[in-house]
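Shown next: protein.txt, containing compact mmCIF, C-alpha atoms and all ligand atoms.
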# COMPACT_ATOMS: atom_id res chain seq x y z
CA MET R 962 -84.65 12.90 196.35
CA SER R 963 -82.42 15.64 195.02
CA THR R 964 -84.00 18.09 192.63
CA SER R 965 -80.97 20.32 192.45
CA THR R 966 -79.43 18.69 189.35
CA SER R 967 -78.14 21.51 187.21
CA THR R 968 -80.35 21.81 184.18
CA GLU R 969 -79.73 23.62 180.94
CA LYS R 970 -81.75 26.74 180.25
CA ILE R 971 -84.52 26.05 177.79
CA THR R 972 -85.13 28.95 175.43
CA GLU R 973 -87.21 27.28 172.74
CA VAL R 974 -89.92 24.62 172.68
CA GLY R 975 -91.34 22.64 169.76
CA HIS R 976 -89.77 20.84 166.79
CA ASN R 977 -89.56 21.14 163.05
CA ARG R 978 -90.65 17.63 162.12
CA PHE R 979 -93.25 15.84 159.97
CA GLY R 980 -93.68 18.96 157.85
CA PHE R 981 -94.99 20.95 160.81
CA ASP R 982 -92.78 23.60 162.40
CA SER R 983 -93.89 24.12 166.01
CA ARG R 984 -90.86 25.97 167.37
CA ILE R 985 -91.60 28.95 169.62
CA GLU R 986 -89.44 30.94 172.04
CA VAL R 987 -90.23 30.13 175.65
CA ASP R 988 -90.24 33.83 176.56
CA THR R 989 -93.05 34.42 174.08
CA LEU R 990 -95.14 31.72 175.73
CA ARG R 991 -94.29 33.03 179.19
CA SER R 992 -95.50 36.50 178.32
CA LEU R 993 -98.96 34.94 177.90
CA TYR R 994 -99.25 33.39 181.36
CA LEU R 995 -96.92 35.46 183.48
CA THR R 996 -98.97 38.53 182.58
CA PRO R 997 -98.32 41.99 184.00
CA SER R 998 -100.41 43.05 186.96
CA TYR R 999 -100.60 45.84 189.50
CA ILE R 1000 -101.74 46.10 193.09
CA LYS R 1001 -103.26 49.35 194.30
CA SER R 1002 -103.40 50.24 197.97
CA GLY R 1003 -104.40 53.83 198.76
CA ASP R 1004 -102.46 56.05 196.38
CA LYS R 1005 -99.69 53.52 195.83
CA THR R 1006 -99.68 51.15 192.87
CA THR R 1007 -97.12 48.34 192.82
CA HIS R 1008 -96.21 46.36 189.77
CA VAL R 1009 -95.95 42.58 190.16
CA GLY R 1010 -95.33 39.80 187.68
CA ALA R 1011 -93.76 40.03 184.26
CA PRO R 1012 -92.64 43.25 182.59
CA HIS R 1013 -95.41 45.13 180.88
CA LYS R 1014 -96.19 44.22 177.30
CA ASP R 1015 -98.69 46.03 175.18
CA TYR R 1016 -100.84 42.98 174.56
CA GLY R 1017 -102.73 40.48 176.66
CA THR R 1018 -104.75 41.35 179.71
CA GLU R 1019 -103.60 43.65 182.47
CA SER R 1020 -105.17 43.68 185.90
CA VAL R 1021 -105.16 46.24 188.68
CA TYR R 1022 -106.25 44.88 192.04
CA ASP R 1023 -107.46 47.54 194.48
CA LYS R 1024 -106.83 46.12 197.94
CA ASP R 1025 -108.96 48.73 199.72
CA SER R 1026 -112.15 48.15 197.75
CA ASN R 1027 -111.32 44.50 196.96
CA LYS R 1028 -112.07 45.13 193.30
CA ILE R 1029 -110.11 44.05 190.26
CA GLN R 1030 -110.04 45.90 186.98
CA TYR R 1031 -109.07 44.13 183.78
CA THR R 1032 -107.92 45.89 180.65
CA THR R 1033 -107.62 43.89 177.46
CA PHE R 1034 -105.33 45.39 174.89
CA ALA R 1035 -106.44 45.49 171.29
CA LYS R 1036 -102.93 44.52 170.21
CA PHE R 1037 -102.33 40.78 170.01
CA PRO R 1038 -99.12 38.80 170.34
CA PRO R 1039 -97.55 38.59 166.87
CA VAL R 1040 -98.37 35.29 165.14
CA ARG R 1041 -96.51 33.57 162.32
CA LEU R 1042 -97.80 34.50 158.88
CA LEU R 1043 -98.44 31.20 157.10
CA PRO R 1044 -99.34 30.70 153.46
CA ASN R 1045 -102.93 29.47 153.00
CA SER R 1046 -101.67 26.04 152.01
CA GLU R 1047 -100.01 25.62 155.42
CA ARG R 1048 -102.54 27.34 157.65
CA LYS R 1049 -104.78 24.75 159.26
CA ARG R 1050 -108.26 25.10 160.73
CA ILE R 1051 -107.93 23.49 164.12
CA LEU R 1052 -110.61 22.66 166.67
CA VAL R 1053 -109.55 22.29 170.31
CA THR R 1054 -112.26 20.91 172.60
CA GLY R 1055 -111.53 21.81 176.21
CA GLY R 1056 -109.37 24.62 174.83
CA ALA R 1057 -110.03 26.86 177.83
CA GLY R 1058 -108.70 24.26 180.27
CA PHE R 1059 -105.21 23.95 181.67
CA VAL R 1060 -103.62 21.82 178.93
CA GLY R 1061 -105.95 23.14 176.23
CA SER R 1062 -105.00 26.77 176.79
CA HIS R 1063 -101.28 26.02 176.38
CA LEU R 1064 -101.99 24.10 173.20
CA VAL R 1065 -104.10 27.01 171.92
CA ASP R 1066 -101.29 29.49 172.65
CA ARG R 1067 -98.88 27.38 170.66
CA LEU R 1068 -101.19 26.82 167.68
CA MET R 1069 -102.15 30.51 167.57
CA LEU R 1070 -98.53 31.72 167.71
CA LEU R 1071 -97.72 29.27 164.91
CA GLY R 1072 -100.25 31.04 162.71
CA HIS R 1073 -103.15 28.58 162.55
CA GLU R 1074 -106.90 29.24 162.80
CA VAL R 1075 -108.09 27.97 166.16
CA THR R 1076 -111.60 27.34 167.41
CA VAL R 1077 -112.01 26.59 171.09
CA LEU R 1078 -115.01 24.63 172.35
CA ASP R 1079 -115.52 24.67 176.08
CA ASN R 1080 -118.45 24.47 178.49
CA PHE R 1081 -116.34 26.18 181.20
CA PHE R 1082 -117.13 23.51 183.79
CA THR R 1083 -113.46 23.33 184.76
CA GLY R 1084 -111.99 25.57 182.07
CA SER R 1085 -111.96 29.34 182.40
CA ARG R 1086 -112.40 32.14 179.89
CA THR R 1087 -109.40 33.98 181.33
CA THR R 1088 -106.94 31.29 180.18
CA VAL R 1089 -107.36 32.29 176.53
CA SER R 1090 -108.86 35.78 176.89
CA HIS R 1091 -105.70 37.28 175.36
CA TRP R 1092 -106.79 35.83 172.00
CA VAL R 1093 -110.41 36.96 172.03
CA GLY R 1094 -110.98 39.24 169.04
CA HIS R 1095 -108.01 37.93 167.05
CA PRO R 1096 -109.03 37.18 163.45
CA ASN R 1097 -107.59 33.64 163.67
CA PHE R 1098 -109.38 32.82 166.93
CA GLU R 1099 -112.89 31.82 167.91
CA MET R 1100 -114.22 30.74 171.29
CA VAL R 1101 -117.52 28.89 171.53
CA ARG R 1102 -119.34 27.99 174.72
CA HIS R 1103 -120.54 24.51 173.90
CA ASP R 1104 -120.82 21.17 175.65
CA VAL R 1105 -119.35 18.33 173.57
CA VAL R 1106 -122.13 15.98 174.66
CA GLU R 1107 -124.15 17.84 172.00
CA PRO R 1108 -123.11 17.61 168.32
CA PHE R 1109 -121.19 20.53 166.84
CA LEU R 1110 -120.82 21.34 163.16
CA ILE R 1111 -117.78 23.10 161.73
CA GLU R 1112 -115.32 22.67 158.86
CA VAL R 1113 -111.88 21.77 160.21
CA ASP R 1114 -108.61 20.03 159.28
CA GLN R 1115 -107.56 18.81 162.72
CA ILE R 1116 -109.42 18.09 165.96
CA TYR R 1117 -107.66 17.97 169.31
CA HIS R 1118 -110.29 16.43 171.59
CA LEU R 1119 -109.35 17.31 175.17
CA ALA R 1120 -112.72 18.11 176.73
CA CYS R 1121 -113.26 16.25 180.02
CA PRO R 1122 -112.70 17.13 183.69
CA ALA R 1123 -109.34 15.61 184.67
CA SER R 1124 -108.81 16.15 188.37
CA PRO R 1125 -110.13 13.32 190.61
CA PRO R 1126 -112.38 15.60 192.78
CA HIS R 1127 -113.77 17.27 189.63
CA TYR R 1128 -114.41 14.15 187.61
CA GLN R 1129 -115.97 12.38 190.61
CA TYR R 1130 -118.20 15.40 191.37
CA ASN R 1131 -120.68 14.29 188.72
CA ALA R 1132 -119.60 10.81 187.70
CA VAL R 1133 -122.44 10.23 185.25
CA LYS R 1134 -121.66 13.49 183.44
CA THR R 1135 -117.97 12.50 183.25
CA ILE R 1136 -118.80 9.19 181.54
CA LYS R 1137 -121.28 10.97 179.30
CA THR R 1138 -118.65 13.54 178.33
CA SER R 1139 -116.11 10.84 177.51
CA PHE R 1140 -118.55 8.72 175.56
CA MET R 1141 -120.95 11.18 173.90
CA GLY R 1142 -118.31 13.88 173.49
CA THR R 1143 -115.91 11.51 171.76
CA LEU R 1144 -118.71 10.04 169.63
CA ASN R 1145 -119.71 13.54 168.46
CA MET R 1146 -116.16 14.61 167.70
CA LEU R 1147 -115.41 11.37 165.84
CA GLY R 1148 -118.58 11.90 163.83
CA LEU R 1149 -117.33 15.37 162.96
CA ALA R 1150 -113.92 13.96 161.99
CA LYS R 1151 -115.61 11.38 159.77
CA ARG R 1152 -117.70 13.99 157.95
CA THR R 1153 -114.94 16.58 157.52
CA LYS R 1154 -112.12 14.03 157.03
CA ALA R 1155 -110.22 15.89 159.74
CA ARG R 1156 -107.45 14.17 161.62
CA PHE R 1157 -108.63 13.38 165.16
CA LEU R 1158 -106.47 13.28 168.30
CA ILE R 1159 -107.89 12.28 171.67
CA THR R 1160 -106.15 12.93 174.97
CA SER R 1161 -106.52 9.71 176.88
CA THR R 1162 -104.80 9.10 180.18
CA SER R 1163 -102.44 6.93 182.17
CA GLU R 1164 -105.55 6.11 184.21
CA VAL R 1165 -106.51 3.56 181.54
CA TYR R 1166 -103.83 1.39 183.21
CA GLY R 1167 -105.69 1.69 186.55
CA ASP R 1168 -103.65 0.52 189.56
CA PRO R 1169 -101.01 -1.10 187.34
CA GLU R 1170 -99.51 -4.52 187.91
CA GLU R 1171 -96.77 -3.79 185.36
CA HIS R 1172 -94.18 -1.13 185.93
CA PRO R 1173 -93.33 1.07 184.11
CA GLN R 1174 -96.45 1.10 181.95
CA ARG R 1175 -96.09 0.32 178.25
CA GLU R 1176 -98.84 0.99 175.74
CA ASP R 1177 -99.49 -2.72 175.20
CA TYR R 1178 -100.35 -3.26 178.88
CA TRP R 1179 -104.14 -3.75 179.14
CA GLY R 1180 -104.51 -2.26 182.58
CA HIS R 1181 -106.01 -3.06 185.97
CA VAL R 1182 -109.12 -0.95 186.46
CA ASN R 1183 -111.92 -1.36 189.01
CA CYS R 1184 -114.92 -0.83 186.75
CA ILE R 1185 -117.26 -0.01 189.67
CA GLY R 1186 -114.89 2.11 191.80
CA PRO R 1187 -115.10 5.89 192.27
CA ARG R 1188 -112.45 6.52 189.59
CA ALA R 1189 -114.21 4.33 187.02
CA CYS R 1190 -116.23 7.21 185.55
CA TYR R 1191 -112.95 8.65 184.26
CA ASP R 1192 -110.87 5.50 183.70
CA GLU R 1193 -113.61 3.52 181.99
CA GLY R 1194 -114.85 6.67 180.23
CA LYS R 1195 -111.44 7.13 178.63
CA ARG R 1196 -111.13 3.42 177.88
CA VAL R 1197 -114.43 3.40 176.00
CA ALA R 1198 -113.39 6.65 174.27
CA GLU R 1199 -110.29 4.84 172.98
CA THR R 1200 -112.47 1.90 171.90
CA LEU R 1201 -114.73 4.26 169.97
CA THR R 1202 -111.73 5.97 168.40
CA TYR R 1203 -110.34 2.72 167.00
CA GLY R 1204 -113.87 1.64 166.02
CA TYR R 1205 -114.14 4.71 163.78
CA GLN R 1206 -110.67 4.06 162.44
CA ARG R 1207 -111.47 0.46 161.47
CA GLN R 1208 -115.03 0.97 160.26
CA ASP R 1209 -114.86 4.41 158.68
CA GLY R 1210 -111.20 5.01 158.03
CA VAL R 1211 -111.03 8.03 160.35
CA ASP R 1212 -107.45 9.22 160.75
CA VAL R 1213 -106.88 8.95 164.52
CA ARG R 1214 -104.22 9.62 167.13
CA VAL R 1215 -104.35 8.60 170.81
CA ALA R 1216 -102.19 10.26 173.48
CA ARG R 1217 -102.07 8.65 176.92
CA ILE R 1218 -101.09 11.54 179.14
CA PHE R 1219 -99.31 11.01 182.46
CA ASN R 1220 -99.50 13.48 185.36
CA THR R 1221 -98.91 16.96 183.98
CA PHE R 1222 -98.49 20.28 185.74
CA GLY R 1223 -97.87 23.92 184.97
CA PRO R 1224 -99.18 27.47 185.11
CA ARG R 1225 -102.96 27.89 184.72
CA MET R 1226 -103.71 24.74 186.65
CA ASN R 1227 -106.81 25.60 188.58
CA PRO R 1228 -105.52 26.34 192.11
CA TYR R 1229 -108.53 24.59 193.63
CA ASP R 1230 -108.64 21.54 191.39
CA GLY R 1231 -107.25 19.33 194.13
CA ARG R 1232 -104.41 17.70 192.24
CA VAL R 1233 -101.18 17.16 194.03
CA VAL R 1234 -98.85 19.67 192.35
CA SER R 1235 -101.17 22.66 192.73
CA ASN R 1236 -102.11 21.62 196.27
CA PHE R 1237 -98.49 21.27 197.43
CA ILE R 1238 -97.23 24.49 195.85
CA LEU R 1239 -100.10 26.57 197.22
CA GLN R 1240 -99.89 25.01 200.67
CA ALA R 1241 -96.14 25.71 200.83
CA LEU R 1242 -96.58 29.28 199.55
CA LYS R 1243 -99.34 30.06 202.02
CA GLY R 1244 -97.47 28.48 204.93
CA GLU R 1245 -100.15 25.80 205.39
CA ASP R 1246 -99.63 22.12 206.18
CA MET R 1247 -98.87 20.04 203.10
CA THR R 1248 -101.36 17.18 202.79
CA VAL R 1249 -99.85 13.84 201.80
CA TYR R 1250 -102.54 11.23 201.28
CA GLY R 1251 -101.76 7.85 202.87
CA ASP R 1252 -98.14 7.23 203.88
CA GLY R 1253 -96.89 8.94 200.71
CA SER R 1254 -95.20 5.81 199.35
CA GLN R 1255 -97.34 5.84 196.18
CA THR R 1256 -95.44 7.13 193.16
CA ARG R 1257 -96.11 9.47 190.25
CA SER R 1258 -93.96 10.92 187.46
CA PHE R 1259 -94.62 14.55 186.63
CA GLN R 1260 -94.19 16.27 183.29
CA TYR R 1261 -94.21 19.97 182.56
CA VAL R 1262 -96.97 21.18 180.30
CA HIS R 1263 -94.68 22.46 177.51
CA ASP R 1264 -93.28 18.94 177.03
CA LEU R 1265 -96.80 17.58 176.78
CA VAL R 1266 -97.81 20.16 174.16
CA ASP R 1267 -94.68 19.29 172.16
CA GLY R 1268 -95.71 15.63 172.30
CA LEU R 1269 -99.33 16.31 171.30
CA ILE R 1270 -98.31 18.37 168.28
CA LEU R 1271 -95.77 15.77 167.14
CA LEU R 1272 -98.33 13.00 167.54
CA MET R 1273 -100.99 14.91 165.63
CA ASN R 1274 -98.65 15.60 162.71
CA GLY R 1275 -96.61 12.40 162.79
CA PRO R 1276 -97.36 8.92 161.41
CA GLU R 1277 -98.02 6.92 164.61
CA THR R 1278 -101.66 5.81 164.94
CA ARG R 1279 -101.30 3.48 167.93
CA PRO R 1280 -101.70 4.87 171.49
CA VAL R 1281 -98.62 6.77 172.68
CA ASN R 1282 -97.64 7.46 176.29
CA ILE R 1283 -96.62 11.05 176.87
CA GLY R 1284 -95.06 11.63 180.25
CA ASN R 1285 -91.86 12.18 182.18
CA GLY R 1286 -89.99 9.13 183.49
CA HIS R 1287 -88.67 10.81 186.65
CA GLU R 1288 -90.59 8.95 189.36
CA PHE R 1289 -91.12 10.35 192.86
CA THR R 1290 -92.88 8.96 195.89
CA ILE R 1291 -95.49 11.51 196.90
CA LEU R 1292 -93.65 12.09 200.17
CA GLU R 1293 -90.40 12.79 198.30
CA PHE R 1294 -92.28 15.11 196.01
CA ALA R 1295 -93.77 17.05 198.95
CA GLU R 1296 -90.27 17.54 200.35
CA ALA R 1297 -88.93 18.61 196.96
CA VAL R 1298 -91.70 21.20 196.48
CA ARG R 1299 -91.14 22.53 199.99
CA ASP R 1300 -87.40 22.96 199.27
CA ILE R 1301 -88.02 24.71 195.96
CA VAL R 1302 -90.53 27.14 197.49
CA GLU R 1303 -88.10 27.91 200.33
CA ASP R 1304 -85.25 28.49 197.86
CA ILE R 1305 -87.36 30.94 195.88
CA GLN R 1306 -88.49 32.74 199.03
CA LYS R 1307 -84.85 33.10 200.15
CA GLU R 1308 -83.87 34.37 196.70
CA GLN R 1309 -86.63 36.95 197.09
CA GLY R 1310 -85.19 38.18 200.37
CA VAL R 1311 -87.16 36.22 202.99
CA ALA R 1312 -84.35 35.47 205.46
CA ASN R 1313 -85.86 32.47 207.23
CA PRO R 1314 -88.88 31.16 205.37
CA LYS R 1315 -91.32 29.30 207.63
CA ARG R 1316 -90.85 25.55 207.23
CA VAL R 1317 -94.30 24.11 206.62
CA ASN R 1318 -95.32 20.76 208.08
CA ILE R 1319 -96.09 17.68 206.07
CA ILE R 1320 -99.19 15.96 207.43
CA HIS R 1321 -100.93 12.75 206.36
CA LYS R 1322 -104.57 12.34 205.32
CA GLU R 1323 -106.61 9.36 204.24
CA LEU R 1324 -105.63 7.76 200.94
CA PRO R 1325 -108.45 8.03 198.35
CA THR R 1326 -110.11 4.72 197.31
CA ASN R 1327 -108.35 2.92 194.44
CA ASP R 1328 -105.50 5.48 194.36
CA PRO R 1329 -102.91 3.89 192.02
CA GLN R 1330 -99.81 2.74 193.94
CA ARG R 1331 -97.23 3.24 191.20
CA ARG R 1332 -97.16 5.13 187.95
CA ARG R 1333 -94.35 5.78 185.49
CA PRO R 1334 -94.58 5.86 181.71
CA ASP R 1335 -92.48 3.75 179.38
CA THR R 1336 -91.99 6.31 176.62
CA THR R 1337 -89.99 4.15 174.20
CA ARG R 1338 -92.74 4.37 171.59
CA ALA R 1339 -92.82 8.19 171.70
CA LYS R 1340 -89.05 8.24 171.43
CA GLU R 1341 -88.91 5.83 168.49
CA THR R 1342 -91.86 7.05 166.45
CA LEU R 1343 -92.02 10.77 167.27
CA GLU R 1344 -88.44 11.37 168.40
CA TRP R 1345 -90.02 12.97 171.46
CA GLN R 1346 -88.45 13.11 174.88
CA PRO R 1347 -89.27 15.33 177.85
CA ARG R 1348 -86.87 18.24 178.22
CA TRP R 1349 -88.06 20.06 181.34
CA ALA R 1350 -86.75 18.92 184.71
CA VAL R 1351 -89.41 18.83 187.40
CA ARG R 1352 -87.56 21.53 189.32
CA GLN R 1353 -87.61 23.94 186.36
CA GLY R 1354 -91.35 23.47 185.94
CA VAL R 1355 -92.14 23.75 189.64
CA GLU R 1356 -90.09 26.96 189.90
CA GLU R 1357 -92.02 28.53 187.07
CA MET R 1358 -95.34 27.42 188.56
CA VAL R 1359 -94.38 28.88 191.95
CA ARG R 1360 -93.76 32.26 190.32
CA TYR R 1361 -97.05 32.01 188.46
CA TYR R 1362 -99.02 31.29 191.67
CA GLN R 1363 -97.15 34.04 193.50
CA SER R 1364 -98.33 36.55 190.93
CA GLN R 1365 -101.87 35.13 191.07
CA ILE R 1366 -101.87 35.50 194.87
CA ALA R 1367 -100.53 39.06 194.60
CA GLN R 1368 -103.27 39.91 192.11
CA GLY R 1369 -105.98 38.66 194.46
CA ASN R 1370 -106.97 35.81 192.14
CA ILE R 1371 -106.22 33.15 194.75
O1 LIG R 1401 -102.27 12.59 185.14
C1 LIG R 1401 -102.64 11.42 185.07
O2 LIG R 1401 -101.97 10.53 184.60
C2 LIG R 1401 -104.01 11.15 185.52
O3 LIG R 1401 -104.04 10.99 186.90
C3 LIG R 1401 -104.41 12.01 187.73
O4 LIG R 1401 -104.78 11.37 188.94
P1 LIG R 1401 -103.74 11.26 190.11
O5 LIG R 1401 -102.44 10.70 189.69
O6 LIG R 1401 -104.42 10.59 191.25
O7 LIG R 1401 -103.47 12.82 190.39
P2 LIG R 1401 -103.44 13.68 191.72
O8 LIG R 1401 -104.80 13.96 192.20
O9 LIG R 1401 -102.58 14.84 191.40
O10 LIG R 1401 -102.75 12.76 192.81
C4 LIG R 1401 -101.44 12.25 192.69
C5 LIG R 1401 -101.08 11.55 193.98
O11 LIG R 1401 -100.92 12.51 195.01
C6 LIG R 1401 -101.79 12.23 196.09
N1 LIG R 1401 -102.22 13.54 196.66
C7 LIG R 1401 -103.05 14.38 195.98
C8 LIG R 1401 -103.37 15.61 196.49
C9 LIG R 1401 -102.87 15.99 197.75
O12 LIG R 1401 -103.14 17.09 198.30
N2 LIG R 1401 -102.06 15.12 198.42
C10 LIG R 1401 -101.72 13.91 197.90
O13 LIG R 1401 -100.96 13.15 198.54
C11 LIG R 1401 -102.91 11.38 195.53
O14 LIG R 1401 -103.49 10.58 196.53
C12 LIG R 1401 -102.15 10.58 194.48
O15 LIG R 1401 -101.54 9.48 195.07
C13 LIG R 1401 -105.60 12.77 187.25
O16 LIG R 1401 -106.75 12.16 187.60
C14 LIG R 1401 -105.73 12.87 185.80
O17 LIG R 1401 -105.72 14.22 185.45
C15 LIG R 1401 -104.81 12.20 184.90
O18 LIG R 1401 -105.48 11.68 183.79
Translate the structure of the given file into structure tokens.
Amino acid sequence: MSTSTSTEKITEVGHNRFGFDSRIEVDTLRSLYLTPSYIKSGDKTTHVGAPHKDYGTESVYDKDSNKIQYTTFAKFPPVRLLPNSERKRILVTGGAGFVGSHLVDRLMLLGHEVTVLDNFFTGSRTTVSHWVGHPNFEMVRHDVVEPFLIEVDQIYHLACPASPPHYQYNAVKTIKTSFMGTLNMLGLAKRTKARFLITSTSEVYGDPEEHPQREDYWGHVNCIGPRACYDEGKRVAETLTYGYQRQDGVDVRVARIFNTFGPRMNPYDGRVVSNFILQALKGEDMTVYGDGSQTRSFQYVHDLVDGLILLMNGPETRPVNIGNGHEFTILEFAEAVRDIVEDIQKEQGVANPKRVNIIHKELPTNDPQRRRPDTTRAKETLEWQPRWAVRQGVEEMVRYYQSQIAQGNI
């Protein structure tokens, strides 16, 4: 499949819709994840990554001693100054995770007060460390399976491991997180009258018999399979959400997220995009599970954050699919990632980049055969559509991982 379609340069993300202006320059966001870094070897220090800014975290990796020194600057990225009437108190559970950290960046830059709850099981402090100390920001180490009391206007409830190896690592804890965590956060929403948004998943459709998947499809889930802890956990979380809406009038939003990728994805989390990019960058064999004929549709994280913010502030209370409709077989996707990595390596002066092999490994049990979102509802009710081509996102993620490798973080 060709990924070389020419794509327009995206300079701004977000929308000004539903009384909530979420527009931000892409370069501002980038400066938060493509952070400056230096590598020291003997007397020589080389700069890698983005140009130096006087905020965020800087790292110097000393190759000889294998030590890394972080410096956090007391200056923060400038945030929008909002009048009190517009500034919201926003809770983001799982805010130190991959998706959560991008949402936090956006909400902080927009001028809101953000509290992050995270138990750091799969999230990491470093994803949002550039905000620590900011007057509008608070980070709390807390597990959502325990109640949490706070006064807030909006709750984005993201907390839950999302990668198959992570969520299957402790299946009982995953179900507990989905059920107890959602129960606690809905209880909080009921008491504070905060609007509540839960990030559900395309996995509620299981191994779908309908294609593409619309929100009114009930799904095809094996309730005793290895994925059930996540799939059924999210299904019961949705049930709870609408239970609180019907019984207690809680103002709810449900996002069903389809495969998402981007910078800050944990390099070891085992999902396909991070695995393929890192394997290609390190010159290792790329591992396609099964024959690679299963399909997925991948969306870039900035599109997802746009969708979440629109959903939270818009009128739609039914579940909404948020995903990109460009469907790849996994084998096609492996080839596309390999081509993109080679193109970038050539652009960087590597004359003949080593062509990595694609090898096949066993297909995980109950791995869904086909997955593509029908996003008509998001288009009609939120006026949301994905804007980032897969190639644009993969290119940016390659550069992010390259700088992480250079810094000794991978
Ligand atoms: O994003 C979604 O909609 C949901 O599905 C994902 O699950 P999955 O689609 O299986 O995600 P990956 O682990 O990235 O796998 C995608 C496909 O690539 C394959 N794969 C994965 C990794 C790898 O190295 N090679 C490989 O061929 C898998 O077998 C699967 O067919 C994640 O579980 C969830 O984060 C999410 O809720």
At a cut-off of 9 Å around ligand LIG 1401 (chain R), and using all atoms listed in the file, what residues come up? Please write them as a PyMOL selection string.
chain R and resi 1122-1128+1160-1165+1188+1191-1192+1217-1222+1230-1237+1240+1247-1259+1284+1290-1292+1295+1321-1326+1328-1332
Save out the residues we just selected, C-alpha atoms, as a compact mmCIF listing (two decimals), in the coordinates of the input.
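part-v9.txt was written with the following content:
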# COMPACT_ATOMS: atom_id res chain seq x y z
CA PRO R 1122 -112.70 17.13 183.69
CA ALA R 1123 -109.34 15.61 184.67
CA SER R 1124 -108.81 16.15 188.37
CA PRO R 1125 -110.13 13.32 190.61
CA PRO R 1126 -112.38 15.60 192.78
CA HIS R 1127 -113.77 17.27 189.63
CA TYR R 1128 -114.41 14.15 187.61
CA THR R 1160 -106.15 12.93 174.97
CA SER R 1161 -106.52 9.71 176.88
CA THR R 1162 -104.80 9.10 180.18
CA SER R 1163 -102.44 6.93 182.17
CA GLU R 1164 -105.55 6.11 184.21
CA VAL R 1165 -106.51 3.56 181.54
CA ARG R 1188 -112.45 6.52 189.59
CA TYR R 1191 -112.95 8.65 184.26
CA ASP R 1192 -110.87 5.50 183.70
CA ARG R 1217 -102.07 8.65 176.92
CA ILE R 1218 -101.09 11.54 179.14
CA PHE R 1219 -99.31 11.01 182.46
CA ASN R 1220 -99.50 13.48 185.36
CA THR R 1221 -98.91 16.96 183.98
CA PHE R 1222 -98.49 20.28 185.74
CA ASP R 1230 -108.64 21.54 191.39
CA GLY R 1231 -107.25 19.33 194.13
CA ARG R 1232 -104.41 17.70 192.24
CA VAL R 1233 -101.18 17.16 194.03
CA VAL R 1234 -98.85 19.67 192.35
CA SER R 1235 -101.17 22.66 192.73
CA ASN R 1236 -102.11 21.62 196.27
CA PHE R 1237 -98.49 21.27 197.43
CA GLN R 1240 -99.89 25.01 200.67
CA MET R 1247 -98.87 20.04 203.10
CA THR R 1248 -101.36 17.18 202.79
CA VAL R 1249 -99.85 13.84 201.80
CA TYR R 1250 -102.54 11.23 201.28
CA GLY R 1251 -101.76 7.85 202.87
CA ASP R 1252 -98.14 7.23 203.88
CA GLY R 1253 -96.89 8.94 200.71
CA SER R 1254 -95.20 5.81 199.35
CA GLN R 1255 -97.34 5.84 196.18
CA THR R 1256 -95.44 7.13 193.16
CA ARG R 1257 -96.11 9.47 190.25
CA SER R 1258 -93.96 10.92 187.46
CA PHE R 1259 -94.62 14.55 186.63
CA GLY R 1284 -95.06 11.63 180.25
CA THR R 1290 -92.88 8.96 195.89
CA ILE R 1291 -95.49 11.51 196.90
CA LEU R 1292 -93.65 12.09 200.17
CA ALA R 1295 -93.77 17.05 198.95
CA HIS R 1321 -100.93 12.75 206.36
CA LYS R 1322 -104.57 12.34 205.32
CA GLU R 1323 -106.61 9.36 204.24
CA LEU R 1324 -105.63 7.76 200.94
CA PRO R 1325 -108.45 8.03 198.35
CA THR R 1326 -110.11 4.72 197.31
CA ASP R 1328 -105.50 5.48 194.36
CA PRO R 1329 -102.91 3.89 192.02
CA GLN R 1330 -99.81 2.74 193.94
CA ARG R 1331 -97.23 3.24 191.20
CA ARG R 1332 -97.16 5.13 187.95
Which residues, written as a VMD selection string, have at least one atom at most 8 Å from Gly1275 in chain R, with only C-alpha atoms counted and residues fewer than 6 positions away on the same chain left out?
chain R and resid 978 to 979 1343
Around the point (-95.7, 20.1, 210.6) in the file's coordinates, collect all residues with an atom within 10 Å, using only C-alpha atoms, and return them as JSON, numbers by chain.
{"R": [1245, 1246, 1247, 1316, 1317, 1318, 1319, 1320, 1321]}
Could you work out how far CA of Lys1049 in chain R lies from CA of Lys1154 in chain R, giving the answer in Å with one decimal?
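So the two atoms, CA of Lys1154 in chain R and CA of Lys1049 in chain R, lie 13.2 Å apart.
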List as a ChimeraX atom specification the residues having at least one atom at most 10 Å from position (-112.9, 21.0, 169.6) as given in the file, counting all atoms listed in the file.
/R:1051-1056,1061,1075-1079,1100-1101,1103-1105,1109,1111,1113,1115-1120,1142,1146,1149,1157
In terms of the shortest atom-to-atom distance over all atoms listed in the file, which of R:Ile985, R:Val1281, R:Ala1155, R:Ile1238 is closest to Gly1072 in chain R?
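Closest to Gly1072 in chain R, using all atoms listed in the file: R:Ile985.
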Counting only C-alpha atoms, figure out which residue out of R:Asp1335, R:Asp1114, R:Glu1107, R:Asp1023 gets nearest to Gln1368 in chain R.
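Nearest candidate to Gln1368 in chain R out of R:Asp1335, R:Asp1114, R:Glu1107, R:Asp1023: R:Asp1023.
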Any idea what the distance is between CA of Gly1369 in chain R and CA of Tyr1022 in chain R?
6.7 Å
Do a neighbour search on Thr1202 in chain R at 8 Å with all atoms listed in the file, toss out local chain neighbours closer than 5 positions, and write the hits as number ranges by chain.
R: 1143, 1147, 1213
Quick one, how far is CA of Asp1066 in chain R from CA of Ile1159 in chain R?
18.5 Å
Find the residues near Asp988 in chain R: any atom within 9 Å, counting only C-alpha atoms, skip ones fewer than 5 places away on the same chain, and give them as a PyMOL selection string.
chain R and resi 972-973+993
